[in-house]
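Colleague: Sharing a structure here in structure tokens format.
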Amino acid sequence: MRLLLSVCAVLGLAFSAGARAPEPVSDAVILSDGLPRLLSDYRFFRDDAGWQPNDRVVPYQLNTPLFSDYAEKYRFIYVPPGEQAKAGGDGLLDLPVGSALIKSFGYEIEGKPRLLETRVLLHRADGWLALPYVWNEAQTEARLKVAGARIPVTFTDPSGQQRSISYGVPNKNQCKECHALSGAVTPIGPKARNLTHGGQLEEFARLGLIDAVPVVDYAVPVWGESSAPLNARARGYLDVNCAHCHNINGSASNSGLFLTYEETMPVRLGINKRPVAAGRGSGTHDFDIAPGEPDESILIYRLNSLEPGISMPEVGRTTVHAEGVALLREWIAEME
């Protein structure tokens, strides 16, 4: 989850990537009823390689990003001309119809960043639509893959260990598994509380993308900075990696385990909470979180597993996030 390139580095690299004279982003394609076959159809980028964002396509970073097999992620937000997102306190920015969220995934391979896929969230008149695009070998185009894909990749993780995995691009329906809120596809990442680092919200307001700088009471700590309180870092990690399903309106609402940053009830956070349905997913443990005993906690058991039916999250990873598990183990171990 370390950043391969800062936003500035991404933009700097773009100028050597074959930039062309800009045409504006195609609002008609974003708002159409169809499923565009090529990422270039949207004109989100000025270059064929997907590095130089077009006008009004603004890069951003999350304080704590979602873990996805140690892939680096390059995020962009687009708001159409004449429109603004509305600030809503700590929560999601309210993006107008015609907006788009663009997220590219890749790894450093042989000393160079290489993109594997780009996912787009399009805000159309009938709601949000999630679509995955897979990059070709030449890194000149990404093509729609509604059925998803598997891509073999070898990379070096933050600890220096070389890993070879079958990287999973989700199919169109799997996108809904994480992005469903009360049954409707909804953005996950651009919550104001997770965008406070580096003056990004102020920059969004200066550019006119949002109507005001949101008032954020409880910012998610920046990943990797140990100066923040342990509880805030652990809760931020759970909010980003688990709470899109584990919330009162999410796909895992029937579990009774709610891991949002604003949750205050210990039992709903899993502390001394027995699972609704015991089974192999519990690993014979009694509680989602057993205070002081991470090895007796179902939460750690499932995060530390790669076995289907046990592993959590259920999609989006084929490796254990060792650093994330270590953070949550420390958090549980310090509970009374």
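As shown in the structure tokens, the chain order sets the letters A, B, ...; within each chain, residues go from 1, and ligands are also counted from 1 in the order they appear.
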Give the strand (DSSP E or B) residues of range 68-196 of chain A, as assigned by DSSP on the backbone, as a compact mmCIF listing (two decimals) with N, CA, C and O atoms, in the first residue's frame.
Modeller:
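As written to disk, part37.txt reads:
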# COMPACT_ATOMS: atom_id res chain seq x y z
N GLU A 72 -0.35 -0.73 -6.77
CA GLU A 72 -0.39 0.73 -6.68
C GLU A 72 -1.64 1.22 -7.40
O GLU A 72 -2.07 0.62 -8.39
N LYS A 73 -2.20 2.33 -6.90
CA LYS A 73 -3.44 2.84 -7.47
C LYS A 73 -3.29 4.32 -7.79
O LYS A 73 -2.72 5.07 -7.00
N TYR A 74 -3.84 4.68 -8.92
CA TYR A 74 -3.78 6.05 -9.40
C TYR A 74 -5.21 6.51 -9.61
O TYR A 74 -5.90 6.02 -10.51
N ARG A 75 -5.64 7.45 -8.77
CA ARG A 75 -7.05 7.83 -8.71
C ARG A 75 -7.27 9.20 -9.32
O ARG A 75 -6.48 10.13 -9.10
N PHE A 76 -8.41 9.33 -10.02
CA PHE A 76 -8.76 10.60 -10.65
C PHE A 76 -10.27 10.81 -10.48
O PHE A 76 -11.05 9.86 -10.45
N ILE A 77 -10.64 12.07 -10.39
CA ILE A 77 -12.05 12.44 -10.26
C ILE A 77 -12.39 13.43 -11.37
O ILE A 77 -11.58 14.30 -11.71
N TYR A 78 -13.56 13.25 -11.96
CA TYR A 78 -14.02 14.16 -13.01
C TYR A 78 -15.41 14.68 -12.65
O TYR A 78 -16.31 13.89 -12.32
N ALA A 85 -19.51 19.13 -7.05
CA ALA A 85 -19.88 18.18 -6.00
C ALA A 85 -20.24 18.96 -4.75
O ALA A 85 -19.76 20.07 -4.53
N LYS A 86 -21.10 18.37 -3.92
CA LYS A 86 -21.51 19.01 -2.69
C LYS A 86 -20.80 18.37 -1.51
O LYS A 86 -20.70 17.15 -1.41
N LEU A 92 -19.08 10.87 2.10
CA LEU A 92 -18.86 10.91 0.66
C LEU A 92 -19.17 12.28 0.08
O LEU A 92 -20.14 12.94 0.48
N ASP A 94 -20.84 14.40 -2.62
CA ASP A 94 -22.06 14.18 -3.39
C ASP A 94 -21.79 14.63 -4.82
O ASP A 94 -21.91 15.81 -5.15
N ALA A 100 -17.38 11.20 -12.93
CA ALA A 100 -16.74 9.89 -13.06
C ALA A 100 -15.60 9.78 -12.07
O ALA A 100 -14.93 10.78 -11.74
N LEU A 101 -15.39 8.57 -11.56
CA LEU A 101 -14.23 8.23 -10.74
C LEU A 101 -13.42 7.20 -11.52
O LEU A 101 -13.97 6.21 -11.99
N ILE A 102 -12.13 7.46 -11.66
CA ILE A 102 -11.25 6.61 -12.47
C ILE A 102 -10.12 6.11 -11.56
O ILE A 102 -9.47 6.92 -10.89
N LYS A 103 -9.90 4.81 -11.56
CA LYS A 103 -8.84 4.24 -10.71
C LYS A 103 -8.06 3.20 -11.49
O LYS A 103 -8.61 2.17 -11.90
N SER A 104 -6.78 3.47 -11.70
CA SER A 104 -5.89 2.54 -12.39
C SER A 104 -5.07 1.76 -11.38
O SER A 104 -4.64 2.31 -10.36
N PHE A 105 -4.84 0.47 -11.68
CA PHE A 105 -4.09 -0.43 -10.81
C PHE A 105 -2.85 -0.90 -11.56
O PHE A 105 -2.93 -1.23 -12.75
N GLY A 106 -1.73 -0.97 -10.85
CA GLY A 106 -0.52 -1.46 -11.51
C GLY A 106 0.58 -1.78 -10.52
O GLY A 106 0.41 -1.66 -9.30
N TYR A 107 1.71 -2.21 -11.04
CA TYR A 107 2.88 -2.57 -10.24
C TYR A 107 4.13 -2.00 -10.89
O TYR A 107 4.14 -1.74 -12.11
N GLU A 108 5.17 -1.83 -10.10
CA GLU A 108 6.47 -1.52 -10.65
C GLU A 108 7.11 -2.82 -11.12
O GLU A 108 7.36 -3.72 -10.32
N ILE A 109 7.35 -2.92 -12.41
CA ILE A 109 7.92 -4.12 -13.02
C ILE A 109 9.14 -3.71 -13.83
O ILE A 109 9.05 -2.83 -14.69
N LYS A 112 9.79 0.04 -13.85
CA LYS A 112 8.84 0.97 -14.47
C LYS A 112 7.42 0.65 -14.02
O LYS A 112 7.08 -0.52 -13.85
N PRO A 113 6.61 1.68 -13.85
CA PRO A 113 5.20 1.41 -13.51
C PRO A 113 4.47 0.82 -14.69
O PRO A 113 4.61 1.30 -15.83
N ARG A 114 3.69 -0.22 -14.44
CA ARG A 114 2.92 -0.87 -15.50
C ARG A 114 1.48 -1.02 -15.04
O ARG A 114 1.22 -1.56 -13.96
N LEU A 115 0.55 -0.56 -15.85
CA LEU A 115 -0.87 -0.64 -15.51
C LEU A 115 -1.45 -1.98 -15.95
O LEU A 115 -1.15 -2.47 -17.03
N LEU A 116 -2.29 -2.54 -15.07
CA LEU A 116 -2.99 -3.77 -15.41
C LEU A 116 -4.45 -3.52 -15.77
O LEU A 116 -4.99 -4.12 -16.70
N GLU A 117 -5.09 -2.66 -15.00
CA GLU A 117 -6.51 -2.39 -15.24
C GLU A 117 -6.85 -0.98 -14.80
O GLU A 117 -6.15 -0.38 -13.98
N THR A 118 -7.95 -0.48 -15.34
CA THR A 118 -8.53 0.79 -14.90
C THR A 118 -10.02 0.57 -14.70
O THR A 118 -10.71 0.09 -15.60
N ARG A 119 -10.50 0.91 -13.52
CA ARG A 119 -11.92 0.80 -13.22
C ARG A 119 -12.54 2.18 -13.25
O ARG A 119 -11.95 3.14 -12.77
N VAL A 120 -13.73 2.27 -13.81
CA VAL A 120 -14.43 3.56 -13.84
C VAL A 120 -15.78 3.41 -13.16
O VAL A 120 -16.44 2.38 -13.26
N LEU A 121 -16.15 4.45 -12.45
CA LEU A 121 -17.51 4.59 -11.91
C LEU A 121 -18.13 5.79 -12.58
O LEU A 121 -17.60 6.91 -12.49
N LEU A 122 -19.22 5.56 -13.29
CA LEU A 122 -19.88 6.60 -14.05
C LEU A 122 -21.21 6.97 -13.39
O LEU A 122 -22.03 6.08 -13.11
N HIS A 123 -21.43 8.25 -13.17
CA HIS A 123 -22.70 8.68 -12.58
C HIS A 123 -23.65 9.06 -13.70
O HIS A 123 -23.59 10.17 -14.24
N ARG A 124 -24.52 8.13 -14.04
CA ARG A 124 -25.52 8.36 -15.08
C ARG A 124 -26.85 8.75 -14.46
O ARG A 124 -27.01 8.71 -13.24
N GLY A 127 -28.27 6.30 -12.05
CA GLY A 127 -27.42 5.86 -10.94
C GLY A 127 -25.98 5.63 -11.39
O GLY A 127 -25.58 5.99 -12.50
N TRP A 128 -25.21 4.99 -10.51
CA TRP A 128 -23.80 4.75 -10.78
C TRP A 128 -23.61 3.41 -11.50
O TRP A 128 -24.32 2.44 -11.22
N LEU A 129 -22.65 3.39 -12.41
CA LEU A 129 -22.30 2.18 -13.16
C LEU A 129 -20.81 1.93 -13.00
O LEU A 129 -20.00 2.84 -13.21
N ALA A 130 -20.44 0.68 -12.64
CA ALA A 130 -19.03 0.31 -12.46
C ALA A 130 -18.60 -0.58 -13.62
O ALA A 130 -19.26 -1.57 -13.94
N LEU A 131 -17.46 -0.23 -14.25
CA LEU A 131 -16.95 -0.99 -15.39
C LEU A 131 -15.44 -1.19 -15.29
O LEU A 131 -14.71 -0.23 -14.98
N PRO A 132 -14.93 -2.42 -15.57
CA PRO A 132 -13.48 -2.67 -15.53
C PRO A 132 -12.88 -2.72 -16.94
O PRO A 132 -13.45 -3.31 -17.86
N TYR A 133 -11.70 -2.12 -17.10
CA TYR A 133 -10.98 -2.11 -18.37
C TYR A 133 -9.57 -2.67 -18.15
O TYR A 133 -8.90 -2.30 -17.19
N VAL A 134 -9.14 -3.55 -19.03
CA VAL A 134 -7.83 -4.23 -18.92
C VAL A 134 -6.88 -3.67 -19.97
O VAL A 134 -7.23 -3.58 -21.16
N TRP A 135 -5.65 -3.33 -19.54
CA TRP A 135 -4.65 -2.75 -20.44
C TRP A 135 -3.98 -3.80 -21.30
O TRP A 135 -3.75 -4.93 -20.86
N ALA A 142 -6.86 0.31 -22.99
CA ALA A 142 -7.51 -0.60 -22.05
C ALA A 142 -8.89 -0.92 -22.60
O ALA A 142 -9.63 -0.03 -23.01
N ARG A 143 -9.22 -2.22 -22.58
CA ARG A 143 -10.46 -2.69 -23.20
C ARG A 143 -11.42 -3.22 -22.14
O ARG A 143 -11.00 -3.83 -21.16
N LEU A 144 -12.71 -2.97 -22.32
CA LEU A 144 -13.74 -3.41 -21.37
C LEU A 144 -13.73 -4.92 -21.23
O LEU A 144 -13.70 -5.65 -22.23
N ALA A 149 -11.02 -10.73 -15.50
CA ALA A 149 -9.84 -11.34 -16.10
C ALA A 149 -8.88 -11.77 -15.00
O ALA A 149 -8.99 -11.34 -13.85
N ARG A 150 -7.96 -12.66 -15.37
CA ARG A 150 -6.85 -13.04 -14.51
C ARG A 150 -5.55 -12.69 -15.23
O ARG A 150 -5.39 -13.01 -16.40
N ILE A 151 -4.66 -12.00 -14.53
CA ILE A 151 -3.41 -11.54 -15.13
C ILE A 151 -2.25 -12.00 -14.27
O ILE A 151 -2.14 -11.59 -13.10
N PRO A 152 -1.34 -12.84 -14.80
CA PRO A 152 -0.18 -13.24 -14.01
C PRO A 152 0.79 -12.06 -13.86
O PRO A 152 1.06 -11.34 -14.84
N VAL A 153 1.28 -11.84 -12.65
CA VAL A 153 2.19 -10.72 -12.42
C VAL A 153 3.17 -11.09 -11.32
O VAL A 153 2.82 -11.79 -10.36
N THR A 154 4.40 -10.64 -11.47
CA THR A 154 5.44 -10.82 -10.45
C THR A 154 5.91 -9.44 -10.03
O THR A 154 6.24 -8.59 -10.87
N PHE A 155 5.96 -9.22 -8.72
CA PHE A 155 6.34 -7.91 -8.20
C PHE A 155 7.05 -8.08 -6.86
O PHE A 155 7.08 -9.17 -6.30
N THR A 156 7.59 -7.00 -6.34
CA THR A 156 8.25 -7.00 -5.04
C THR A 156 7.40 -6.21 -4.07
O THR A 156 7.06 -5.04 -4.34
N GLN A 162 9.68 -11.02 -3.15
CA GLN A 162 9.14 -11.15 -4.50
C GLN A 162 7.93 -12.07 -4.47
O GLN A 162 7.96 -13.13 -3.86
N ARG A 163 6.87 -11.64 -5.13
CA ARG A 163 5.62 -12.40 -5.15
C ARG A 163 5.18 -12.60 -6.60
O ARG A 163 5.32 -11.70 -7.43
N SER A 164 4.63 -13.76 -6.88
CA SER A 164 4.01 -14.04 -8.17
C SER A 164 2.57 -14.44 -7.90
O SER A 164 2.31 -15.40 -7.16
N ILE A 165 1.64 -13.71 -8.48
CA ILE A 165 0.22 -13.95 -8.22
C ILE A 165 -0.56 -13.96 -9.52
O ILE A 165 -0.07 -13.52 -10.57
N SER A 166 -1.78 -14.45 -9.45
CA SER A 166 -2.74 -14.32 -10.54
C SER A 166 -3.66 -13.17 -10.14
O SER A 166 -4.62 -13.35 -9.39
N TYR A 167 -3.34 -12.00 -10.65
CA TYR A 167 -4.08 -10.80 -10.26
C TYR A 167 -5.50 -10.87 -10.83
O TYR A 167 -5.71 -11.18 -12.00
N GLY A 168 -6.48 -10.58 -9.99
CA GLY A 168 -7.87 -10.70 -10.39
C GLY A 168 -8.51 -9.37 -10.72
O GLY A 168 -8.55 -8.47 -9.88
N VAL A 169 -8.99 -9.23 -11.95
CA VAL A 169 -9.82 -8.09 -12.34
C VAL A 169 -11.26 -8.50 -12.11
O VAL A 169 -11.72 -9.52 -12.64
N ALA A 180 -22.22 -1.89 -3.40
CA ALA A 180 -23.67 -1.84 -3.16
C ALA A 180 -23.98 -1.22 -1.81
O ALA A 180 -23.44 -1.62 -0.78
N LEU A 181 -24.84 -0.23 -1.81
CA LEU A 181 -25.33 0.39 -0.58
C LEU A 181 -26.83 0.50 -0.72
O LEU A 181 -27.33 1.20 -1.62
N ALA A 184 -27.94 -0.23 -4.23
CA ALA A 184 -27.55 0.64 -5.35
C ALA A 184 -26.03 0.79 -5.37
O ALA A 184 -25.39 0.89 -4.31
N VAL A 185 -25.45 0.81 -6.57
CA VAL A 185 -24.01 1.02 -6.70
C VAL A 185 -23.67 2.43 -6.21
O VAL A 185 -24.32 3.42 -6.59
N LYS A 191 -14.47 9.78 0.44
CA LYS A 191 -15.07 10.35 1.66
C LYS A 191 -14.16 11.48 2.12
O LYS A 191 -12.92 11.35 2.12
Colleague: Using only C-alpha atoms, pick whichever of A:Pro59, A:Pro158, A:Gly199, A:Gly50 has the shortest atom-to-atom distance to His321 in chain A.
Modeller: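 Comparing A:Pro59, A:Pro158, A:Gly199, A:Gly50 against His321 in chain A, the winner is A:Pro158.
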Colleague: Write out as a list in words the residues lying within 7 Å of range 231-242 of chain A, counting only C-alpha atoms and excluding same-chain residues fewer than 2 positions away.
Modeller: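 The residues satisfying every condition are Thr64, Pro65, Leu66, Phe67, Val220, Pro221, Ala228, Pro229, His244, Cys245, His246, Leu259, Thr260, Tyr261, Pro313, Leu327, Leu328 and Trp331 of chain A.
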Colleague: Generate the output file for the selected residues, N, CA and C atoms, as a PDB file, in the first residue's frame.
Modeller:
ATOM      1  N   THR A  64      -5.740   6.642   3.781  1.00  0.00           N
ATOM      2  CA  THR A  64      -5.518   5.200   3.899  1.00  0.00           C
ATOM      3  C   THR A  64      -6.227   4.530   2.733  1.00  0.00           C
ATOM      4  N   PRO A  65      -5.484   3.886   1.821  1.00  0.00           N
ATOM      5  CA  PRO A  65      -6.114   3.257   0.662  1.00  0.00           C
ATOM      6  C   PRO A  65      -6.543   1.828   0.939  1.00  0.00           C
ATOM      7  N   LEU A  66      -7.457   1.335   0.125  1.00  0.00           N
ATOM      8  CA  LEU A  66      -7.881  -0.059   0.162  1.00  0.00           C
ATOM      9  C   LEU A  66      -6.721  -0.951  -0.265  1.00  0.00           C
ATOM     10  N   PHE A  67      -6.534  -2.068   0.435  1.00  0.00           N
ATOM     11  CA  PHE A  67      -5.494  -3.028   0.060  1.00  0.00           C
ATOM     12  C   PHE A  67      -5.993  -3.909  -1.079  1.00  0.00           C
ATOM     13  N   VAL A 220      -9.375  10.224   8.765  1.00  0.00           N
ATOM     14  CA  VAL A 220      -8.679   8.939   8.769  1.00  0.00           C
ATOM     15  C   VAL A 220      -7.174   9.210   8.722  1.00  0.00           C
ATOM     16  N   PRO A 221      -6.386   8.561   9.595  1.00  0.00           N
ATOM     17  CA  PRO A 221      -4.937   8.795   9.583  1.00  0.00           C
ATOM     18  C   PRO A 221      -4.300   8.371   8.270  1.00  0.00           C
ATOM     19  N   ALA A 228      -0.159   8.796  14.644  1.00  0.00           N
ATOM     20  CA  ALA A 228      -1.585   8.828  14.989  1.00  0.00           C
ATOM     21  C   ALA A 228      -1.885   7.768  16.039  1.00  0.00           C
ATOM     22  N   PRO A 229      -2.908   7.975  16.880  1.00  0.00           N
ATOM     23  CA  PRO A 229      -3.270   6.969  17.882  1.00  0.00           C
ATOM     24  C   PRO A 229      -3.576   5.617  17.237  1.00  0.00           C
ATOM     25  N   HIS A 244     -17.333  -0.906   3.640  1.00  0.00           N
ATOM     26  CA  HIS A 244     -18.220  -0.747   2.482  1.00  0.00           C
ATOM     27  C   HIS A 244     -19.238  -1.886   2.429  1.00  0.00           C
ATOM     28  N   CYS A 245     -18.910  -3.049   3.014  1.00  0.00           N
ATOM     29  CA  CYS A 245     -19.893  -4.132   3.164  1.00  0.00           C
ATOM     30  C   CYS A 245     -20.452  -4.175   4.578  1.00  0.00           C
ATOM     31  N   HIS A 246     -19.559  -3.991   5.552  1.00  0.00           N
ATOM     32  CA  HIS A 246     -19.955  -4.098   6.956  1.00  0.00           C
ATOM     33  C   HIS A 246     -20.456  -2.754   7.477  1.00  0.00           C
ATOM     34  N   LEU A 259     -18.344  -1.819  10.760  1.00  0.00           N
ATOM     35  CA  LEU A 259     -16.961  -1.395  10.948  1.00  0.00           C
ATOM     36  C   LEU A 259     -16.684   0.006  10.418  1.00  0.00           C
ATOM     37  N   THR A 260     -17.701   0.832  10.331  1.00  0.00           N
ATOM     38  CA  THR A 260     -17.518   2.207   9.879  1.00  0.00           C
ATOM     39  C   THR A 260     -16.763   3.024  10.923  1.00  0.00           C
ATOM     40  N   TYR A 261     -16.107   4.063  10.445  1.00  0.00           N
ATOM     41  CA  TYR A 261     -15.263   4.901  11.310  1.00  0.00           C
ATOM     42  C   TYR A 261     -16.071   5.576  12.400  1.00  0.00           C
ATOM     43  N   PRO A 313     -11.383  -9.600   3.036  1.00  0.00           N
ATOM     44  CA  PRO A 313     -12.572  -9.499   2.186  1.00  0.00           C
ATOM     45  C   PRO A 313     -12.660 -10.667   1.207  1.00  0.00           C
ATOM     46  N   LEU A 327      -1.224  -4.480  12.226  1.00  0.00           N
ATOM     47  CA  LEU A 327      -1.837  -3.312  12.868  1.00  0.00           C
ATOM     48  C   LEU A 327      -3.042  -3.731  13.716  1.00  0.00           C
ATOM     49  N   LEU A 328      -3.918  -4.568  13.156  1.00  0.00           N
ATOM     50  CA  LEU A 328      -5.120  -4.964  13.885  1.00  0.00           C
ATOM     51  C   LEU A 328      -4.794  -5.906  15.041  1.00  0.00           C
ATOM     52  N   TRP A 331      -3.775  -3.651  17.807  1.00  0.00           N
ATOM     53  CA  TRP A 331      -4.962  -2.958  18.331  1.00  0.00           C
ATOM     54  C   TRP A 331      -5.746  -3.854  19.282  1.00  0.00           C
TER      55      TRP A 331
END
Colleague: Could you tell me which of A:Gly98, A:Gly283, A:Pro294, A:Pro53 comes closest to Ile310 in chain A if we count only C-alpha atoms?
Modeller: A:Gly283
Colleague: Would you please work out which residue, of A:Ser226, A:Ser68, A:Ser99, A:Asn136, is nearest to Asp157 in chain A when using only C-alpha atoms?
Modeller: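 That would be A:Ser68, the residue with the smallest distance to Asp157 in chain A.
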Colleague: So, counting only C-alpha atoms, which residue among A:Ser255, A:Ser26, A:Thr196, A:Asn173 is closest to Gly91 in chain A?
Modeller: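 For Gly91 in chain A, the nearest of the candidates is A:Thr196.
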Colleague: Which of these, A:Ala219, A:Val29, A:Leu35, A:Leu209, has the shortest distance to Pro96 in chain A once you count only C-alpha atoms?
Modeller: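 Answer, going by the shortest atom-to-atom distance: A:Leu209.
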Colleague: What is the distance between CA of Gly89 in chain A and CA of Asn194 in chain A, in Å to one decimal?
Modeller: 11.4 Å
Colleague: When you count only C-alpha atoms, which of these residues is closest to Gln61 in chain A: A:Ala277, A:Val222, A:Ile30, A:Val97?
Modeller: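 Nearest to Gln61 in chain A: A:Val222.
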